[in-house]
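Containing compact mmCIF, C-alpha atoms: target.txt.
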```txt
# COMPACT_ATOMS: atom_id res chain seq x y z
CA MET A 1 21.45 0.95 5.15
CA GLU A 2 18.33 0.49 7.27
CA ASN A 3 17.06 -3.07 7.63
CA LEU A 4 13.60 -2.80 6.08
CA LYS A 5 12.82 -6.46 6.77
CA ALA A 6 12.96 -5.66 10.48
CA LYS A 7 11.41 -2.20 10.18
CA VAL A 8 8.15 -3.59 8.79
CA PHE A 9 7.42 -5.28 12.12
CA ASP A 10 7.93 -2.06 14.07
CA LEU A 11 5.52 -0.42 11.64
CA ARG A 12 3.05 -3.28 12.05
CA LYS A 13 3.11 -2.73 15.83
CA ASP A 14 2.50 1.00 15.32
CA THR A 15 -0.42 0.12 13.02
CA VAL A 16 -2.03 -2.22 15.53
CA ASP A 17 -1.54 0.39 18.27
CA ILE A 18 -3.35 2.98 16.12
CA ILE A 19 -6.22 0.52 15.59
CA MET A 20 -6.43 -0.28 19.29
CA ALA A 21 -6.48 3.43 20.15
CA GLY A 22 -9.15 4.23 17.57
CA LYS A 23 -11.17 1.08 18.30
CA GLY A 24 -11.43 0.19 14.61
CA GLY A 25 -9.46 -0.44 11.44
CA HIS A 26 -8.88 -2.65 8.43
CA ILE A 27 -6.18 -4.67 10.11
CA GLY A 28 -5.93 -7.59 7.65
CA GLY A 29 -5.15 -5.45 4.61
CA ASP A 30 -2.92 -3.18 6.72
CA MET A 31 -0.71 -6.17 7.43
CA SER A 32 -0.62 -7.51 3.87
CA VAL A 33 0.37 -4.15 2.36
CA MET A 34 3.10 -3.16 4.83
CA GLU A 35 6.13 -4.38 2.88
CA ILE A 36 4.85 -2.58 -0.22
CA LEU A 37 4.40 0.77 1.56
CA THR A 38 7.71 0.43 3.40
CA ALA A 39 9.64 -0.35 0.23
CA LEU A 40 8.09 2.64 -1.55
CA TYR A 41 8.61 5.21 1.19
CA PHE A 42 11.99 4.10 2.52
CA ARG A 43 13.81 2.92 -0.59
CA VAL A 44 12.01 3.58 -3.87
CA MET A 45 10.24 6.96 -4.02
CA ASN A 46 11.72 10.43 -4.10
CA VAL A 47 9.39 11.95 -1.51
CA SER A 48 9.90 13.39 1.97
CA PRO A 49 8.56 16.15 4.22
CA GLN A 50 11.36 18.33 2.88
CA ASN A 51 10.26 18.04 -0.78
CA ALA A 52 6.50 17.62 -0.26
CA ASP A 53 5.73 20.61 -2.51
CA ASP A 54 8.48 20.02 -5.06
CA PRO A 55 6.95 19.60 -8.55
CA ASP A 56 9.61 16.95 -9.25
CA ARG A 57 8.65 14.72 -6.30
CA ASP A 58 7.30 11.24 -6.92
CA ARG A 59 3.55 10.78 -6.41
CA PHE A 60 1.73 8.06 -4.48
CA VAL A 61 -1.97 7.25 -4.13
CA LEU A 62 -3.31 4.59 -1.77
CA SER A 63 -6.23 3.48 -3.90
CA LYS A 64 -7.17 0.78 -1.36
CA GLY A 65 -7.76 3.64 1.05
CA HIS A 66 -9.18 1.47 3.82
CA SER A 67 -5.61 0.37 4.66
CA MET A 68 -5.07 3.85 6.07
CA GLU A 69 -3.80 2.72 9.47
CA ALA A 70 -0.73 1.16 7.82
CA TYR A 71 -0.29 4.33 5.78
CA TYR A 72 -0.44 6.44 8.97
CA ALA A 73 2.32 4.33 10.52
CA VAL A 74 4.52 4.78 7.45
CA LEU A 75 3.84 8.53 7.16
CA CYS A 76 4.70 8.94 10.85
CA ALA A 77 7.96 7.01 10.49
CA LYS A 78 8.83 9.09 7.43
CA GLY A 79 8.29 12.32 9.39
CA PHE A 80 5.11 13.62 7.79
CA LEU A 81 2.95 13.01 10.89
CA ASP A 82 3.41 12.51 14.63
CA LEU A 83 2.61 9.00 15.85
CA ASP A 84 1.45 10.02 19.33
CA ASP A 85 -0.89 12.59 17.80
CA VAL A 86 -2.32 10.03 15.39
CA LYS A 87 -2.89 7.49 18.17
CA GLU A 88 -4.55 10.09 20.37
CA LYS A 89 -6.92 11.42 17.70
CA PHE A 90 -7.46 8.61 15.17
CA SER A 91 -11.13 8.02 14.44
CA LYS A 92 -12.24 10.54 17.05
CA PHE A 93 -15.06 13.03 16.38
CA GLY A 94 -13.81 16.03 14.41
CA SER A 95 -10.35 14.55 13.83
CA SER A 96 -8.51 14.84 10.51
CA TYR A 97 -7.14 11.33 11.13
CA ILE A 98 -9.99 9.44 9.53
CA GLY A 99 -10.16 5.89 8.24
CA HIS A 100 -9.23 6.80 4.65
CA PRO A 101 -6.62 9.11 3.08
CA ASN A 102 -7.32 12.78 3.71
CA ASN A 103 -5.28 15.17 1.57
CA LYS A 104 -5.62 17.92 4.16
CA LEU A 105 -2.88 16.00 5.99
CA PRO A 106 0.82 16.36 5.06
CA GLY A 107 2.16 13.83 2.58
CA ILE A 108 -1.19 12.65 1.19
CA GLU A 109 -1.73 13.45 -2.49
CA MET A 110 -5.35 12.37 -2.86
CA ASN A 111 -8.43 11.44 -0.87
CA SER A 112 -9.47 7.86 -1.55
CA GLY A 113 -11.93 5.34 -0.25
CA SER A 114 -14.35 4.80 -3.11
CA LEU A 115 -12.54 1.90 -4.74
CA GLY A 116 -11.37 2.05 -8.34
CA HIS A 117 -10.39 5.73 -8.40
CA GLY A 118 -6.67 5.58 -7.63
CA LEU A 119 -5.40 4.18 -10.92
CA PRO A 120 -7.35 6.58 -13.20
CA VAL A 121 -6.16 9.57 -11.16
CA CYS A 122 -2.58 8.30 -11.29
CA VAL A 123 -2.92 7.99 -15.06
CA GLY A 124 -3.70 11.71 -15.08
CA MET A 125 -0.72 12.48 -12.84
CA ALA A 126 1.61 10.40 -15.02
CA LEU A 127 0.26 11.95 -18.24
CA ALA A 128 0.77 15.43 -16.77
CA GLY A 129 4.36 14.49 -15.99
CA LYS A 130 4.95 13.45 -19.59
CA MET A 131 3.33 16.62 -20.94
CA ASN A 132 5.38 18.82 -18.59
CA LYS A 133 8.58 16.86 -19.32
CA LYS A 134 9.04 15.95 -15.65
CA GLU A 135 11.05 12.97 -14.45
CA TYR A 136 8.85 12.06 -11.49
CA ARG A 137 7.24 8.64 -11.18
CA VAL A 138 3.71 7.82 -10.06
CA TYR A 139 2.75 4.86 -7.87
CA THR A 140 -0.56 3.46 -6.68
CA VAL A 141 -1.53 0.46 -4.56
CA MET A 142 -4.83 -1.30 -5.26
CA GLY A 143 -6.55 -4.15 -3.48
CA ASP A 144 -7.38 -7.24 -5.51
CA GLY A 145 -11.06 -6.98 -4.56
CA GLU A 146 -10.94 -3.45 -5.97
CA LEU A 147 -10.21 -4.80 -9.45
CA ALA A 148 -13.91 -5.57 -9.89
CA GLU A 149 -14.39 -1.82 -10.43
CA GLY A 150 -14.69 -0.90 -14.11
CA SER A 151 -12.80 2.37 -13.72
CA VAL A 152 -9.64 0.36 -12.98
CA TRP A 153 -9.71 -1.10 -16.46
CA GLU A 154 -10.55 2.21 -18.12
CA GLY A 155 -7.44 3.58 -16.43
CA ALA A 156 -5.43 0.56 -17.51
CA MET A 157 -6.42 1.11 -21.15
CA ALA A 158 -5.52 4.80 -21.02
CA ALA A 159 -2.15 4.15 -19.37
CA SER A 160 -1.20 1.77 -22.16
CA GLN A 161 -2.58 4.06 -24.88
CA TYR A 162 -0.34 6.92 -23.70
CA HIS A 163 2.73 4.74 -23.06
CA LEU A 164 2.98 5.83 -19.43
CA ASP A 165 6.23 4.18 -18.42
CA ASN A 166 6.41 6.61 -15.48
CA LEU A 167 3.45 4.82 -13.89
CA CYS A 168 3.68 1.75 -11.64
CA ALA A 169 0.62 0.11 -10.11
CA VAL A 170 0.79 -2.49 -7.36
CA VAL A 171 -1.95 -5.03 -6.66
CA ASP A 172 -2.07 -6.25 -3.06
CA ARG A 173 -3.05 -9.78 -4.09
CA ASN A 174 -4.05 -11.27 -0.74
CA ARG A 175 -7.09 -13.06 -2.26
CA LEU A 176 -9.47 -12.04 0.52
CA GLN A 177 -12.00 -9.23 0.76
CA ILE A 178 -14.72 -8.34 3.25
CA SER A 179 -17.16 -10.93 1.91
CA GLY A 180 -14.69 -13.78 1.44
CA CYS A 181 -12.29 -15.10 -1.19
CA THR A 182 -11.88 -12.82 -4.21
CA GLU A 183 -12.20 -15.76 -6.55
CA ASP A 184 -15.64 -16.56 -5.14
CA VAL A 185 -16.85 -12.95 -5.12
CA MET A 186 -15.49 -11.88 -8.53
CA GLY A 187 -12.71 -14.04 -9.95
CA HIS A 188 -9.57 -12.32 -11.26
CA ASP A 189 -7.27 -15.12 -12.37
CA ASP A 190 -5.20 -14.94 -14.47
CA LEU A 191 -4.33 -11.36 -13.41
CA ALA A 192 -1.00 -11.40 -15.23
CA GLU A 193 -2.71 -12.35 -18.47
CA ARG A 194 -5.38 -9.68 -17.97
CA PHE A 195 -2.94 -6.81 -17.42
CA SER A 196 -0.67 -8.09 -20.18
CA SER A 197 -3.60 -8.03 -22.61
CA PHE A 198 -4.07 -4.36 -21.71
CA GLY A 199 -0.48 -3.65 -22.78
CA TRP A 200 1.18 -3.54 -19.37
CA GLN A 201 4.53 -4.89 -18.23
CA VAL A 202 3.57 -7.46 -15.57
CA ILE A 203 5.84 -8.42 -12.67
CA ASN A 204 4.69 -11.24 -10.38
CA VAL A 205 6.32 -11.35 -6.92
CA SER A 206 5.88 -12.50 -3.35
CA GLY A 207 4.55 -9.28 -1.88
CA ASN A 208 5.67 -9.89 1.70
CA ASP A 209 9.25 -10.52 0.52
CA MET A 210 11.16 -7.23 0.74
CA ASP A 211 14.01 -8.28 -1.55
CA ALA A 212 11.60 -9.45 -4.25
CA LEU A 213 9.60 -6.23 -4.03
CA LEU A 214 12.65 -3.98 -4.31
CA GLN A 215 13.81 -5.91 -7.36
CA ALA A 216 10.33 -5.58 -8.89
CA PHE A 217 10.26 -1.81 -8.36
CA SER A 218 13.69 -1.56 -9.97
CA GLN A 219 12.48 -3.58 -12.96
CA ALA A 220 9.41 -1.35 -13.29
CA ALA A 221 11.57 1.80 -13.29
CA GLU A 222 13.69 0.37 -16.11
CA THR A 223 10.68 -0.52 -18.29
CA LYS A 224 10.25 1.82 -21.25
CA GLY A 225 7.23 2.54 -23.43
CA ARG A 226 4.50 1.04 -21.26
CA PRO A 227 3.21 1.10 -17.68
CA SER A 228 4.12 -1.57 -15.16
CA VAL A 229 2.03 -3.49 -12.67
CA ILE A 230 3.48 -5.46 -9.78
CA ILE A 231 1.19 -8.29 -8.73
CA ALA A 232 2.26 -8.61 -5.11
CA ASN A 233 1.09 -11.99 -3.83
CA THR A 234 0.59 -11.35 -0.13
CA THR A 235 -1.02 -12.90 2.93
CA LYS A 236 -3.87 -11.02 4.57
CA GLY A 237 -3.02 -10.38 8.21
CA PHE A 238 0.66 -11.18 7.54
CA GLY A 239 2.91 -11.24 10.60
CA SER A 240 0.93 -13.30 13.09
CA PRO A 241 -0.93 -16.62 12.82
CA VAL A 242 -3.68 -14.97 14.89
CA MET A 243 -4.69 -13.00 11.78
CA GLU A 244 -3.10 -14.61 8.76
CA ASN A 245 -5.33 -15.60 5.84
CA LYS A 246 -8.56 -15.09 7.80
CA ALA A 247 -11.33 -13.10 6.12
CA ASN A 248 -12.90 -12.13 9.45
CA TRP A 249 -9.77 -10.06 10.17
CA HIS A 250 -10.60 -7.73 7.28
CA HIS A 251 -11.87 -5.19 9.83
CA LYS A 252 -11.35 -6.13 13.46
CA VAL A 253 -9.98 -4.89 16.76
CA PRO A 254 -7.90 -7.48 18.65
CA THR A 255 -8.80 -8.44 22.18
CA GLN A 256 -6.07 -7.76 24.75
CA GLU A 257 -5.06 -11.42 24.63
CA GLU A 258 -4.91 -11.38 20.83
CA TYR A 259 -2.98 -8.10 20.92
CA ASN A 260 -0.36 -9.55 23.25
CA GLN A 261 0.14 -12.58 21.01
CA ILE A 262 0.29 -10.48 17.83
CA ILE A 263 2.91 -8.13 19.29
CA SER A 264 4.94 -11.11 20.50
CA ASP A 265 4.83 -12.61 16.99
CA PHE A 266 5.99 -9.31 15.48
CA ALA A 267 8.90 -9.11 17.93
CA ALA A 268 10.01 -12.65 17.07
CA LYS A 269 9.87 -11.98 13.34
CA LYS A 270 11.77 -8.71 13.76
CA GLU A 271 14.49 -10.51 15.72
CA ALA A 272 14.76 -13.16 12.99
CA ALA A 273 15.05 -10.46 10.32
CA LEU A 274 17.85 -8.74 12.23
CA HIS A 275 19.86 -11.96 12.26
CA GLU A 276 19.44 -12.97 8.62
```

Reformat the file's structure so that it appears as structure tokens.
Amino acid sequence: MENLKAKVFDLRKDTVDIIMAGKGGHIGGDMSVMEILTALYFRVMNVSPQNADDPDRDRFVLSKGHSMEAYYAVLCAKGFLDLDDVKEKFSKFGSSYIGHPNNKLPGIEMNSGSLGHGLPVCVGMALAGKMNKKEYRVYTVMGDGELAEGSVWEGAMAASQYHLDNLCAVVDRNRLQISGCTEDVMGHDDLAERFSSFGWQVINVSGNDMDALLQAFSQAAETKGRPSVIIANTTKGFGSPVMENKANWHHKVPTQEEYNQIISDFAAKKEAALHE
């Protein structure tokens, strides 16, 4: 079985290369969310280029759509897109490879970017699955700063009301957003208590720990009668001390010197993962 703990650092390098080529990108959140996306696409979800139109496929929406560069890297590795093509055209005039999900591209279910929309749409997808007696599951990833949007909590109420146990939301809880610490901008603690009060099964994990994430997704799939949320406690910019836990890396292009150090850090962490 593929070593996902090592794979995430190859995908991080691809992500940084896309950002360097396009001269822009939300690099901090790309790094914090990578284990989550990798777990979903390479171990958890029933989705591939071969079943992209199958009504029984699992559904995914990247609600924190600004982490698109990480999503491009994952979609390329999964076979939906070509990495060289993405690097050549990302963020160029007239390109379909824009800075947020574009459902004109293979493998992308929904356009996103305006925060707060992913969960309510996924509620609709999950409810449709129940009504049509389908076995597919629906997943969405939200940023913690995004939880200040009221539509998130409308969706949370509806998901509980309709007992959508085929729905799993993930919060990328890196505690930083463009204007600083989430708790200073719009405090969310205690998130577990908040989601629990809305009737959700809450699973708290270390979101950059692949084993913990896979166990959490398994627990969510076994939960019956209510939706699940995985609060994935992550580090913004995870993978290199150059970026880690620094709000100014929310949207930034590394210098060549920073790039060299970041790629070296990724290589070292990949090597360590291969020898665990």

What is the atom CA of A:Gly113-atom CA of A:Glu135 distance in Å, reported with one decimal?
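Atom-to-atom, atom CA of A:Gly113 to atom CA of A:Glu135, that is 28.1 Å.
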
Residue among A:Lys87, A:Lys134, A:His188, A:Arg226 lying closest to A:Ala148, counting all atoms listed in the file
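With all atoms listed in the file as the atom set, the closest residue is A:His188.
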
Fewer than 6 positions away in the same chain doesn't count, so skip those; otherwise give me all residues within 7 Å of A:Ile230, counting only C-alpha atoms, as a list of chain:residue names.
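Final neighbour list, sorted by chain and number: A:Ala169, A:Val170, A:Val171, A:Val202, A:Ile203, A:Asn204, A:Ala216.
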
Distance in Å - atom CA of A:Ile263 versus atom CA of A:Lys13:
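Here the two named atoms are 6.4 Å from each other.
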
I'd like to know which of A:Asn132, A:Asn3, A:Thr223, A:Thr15 is closest to A:Ala70, using only C-alpha atoms.
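Nearest to A:Ala70: A:Thr15.
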
Find the distance between atom CA of A:Lys92 and atom CA of A:Ser63 and write it in Å to one decimal.
22.9 Å

Within 6 Å of A:Ala232, counting all atoms listed in the file, which residues show up once you throw out same-chain ones fewer than 4 positions away? Write them as a list in words, please.
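The contact residues come out as Val171, Asp172, Arg173, Val205, Ser206 and Gly207 of chain A.
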
Residue with smallest distance to A:Leu176 - pool A:Pro227, A:Ser240, A:Ser32, A:Arg43, counting all atoms listed in the file
A:Ser32

7 Å contact set for stretch 94-103 of chain A, all atoms listed in the file, chain neighbours under 3 positions out, as a list in words
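Those residues are Gly65, His66, Met68, Val86, Lys89, Phe90, Ser91, Ile108, Glu109, Met110, Asn111, Ser112 and Gly113 of chain A.
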
Tell me which protein, DNA and RNA residues are within 8 Å of A:Ile36, counting all atoms listed in the file, leaving out same-chain ones fewer than 6 positions away, and put them as an MDAnalysis selection string.
chainID A and resid 207:208 210 213

Please identify all polymer residues within 12 Å of A:Ala272, counting only C-alpha atoms, omitting same-chain residues fewer than 2 positions from it, and present them as an NGL selection string.
:A and (3 or 5-7 or 9 or 265-270 or 274-276)

Enclosing box along x, y and z for every listed atom of stretch 232-239 of chain A, padded 4 Å each side, centre and size in Å, one decimal, as JSON:
```
{"center_x": -0.5, "center_y": -10.8, "center_z": 2.7, "size_x": 14.8, "size_y": 12.3, "size_z": 23.7}
```

Between A:Ser67, A:Thr182, A:Ser218, A:Ser228, which is the closest to A:Ser196 once you count only C-alpha atoms?
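Among the listed residues, A:Ser228 lies closest to A:Ser196.
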
Smallest atom-to-atom distance to A:Ser179: which of A:Leu127, A:Pro241, A:Gln161, A:Asn248, using only C-alpha atoms?
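Using only C-alpha atoms, the shortest distance to A:Ser179 belongs to A:Asn248.
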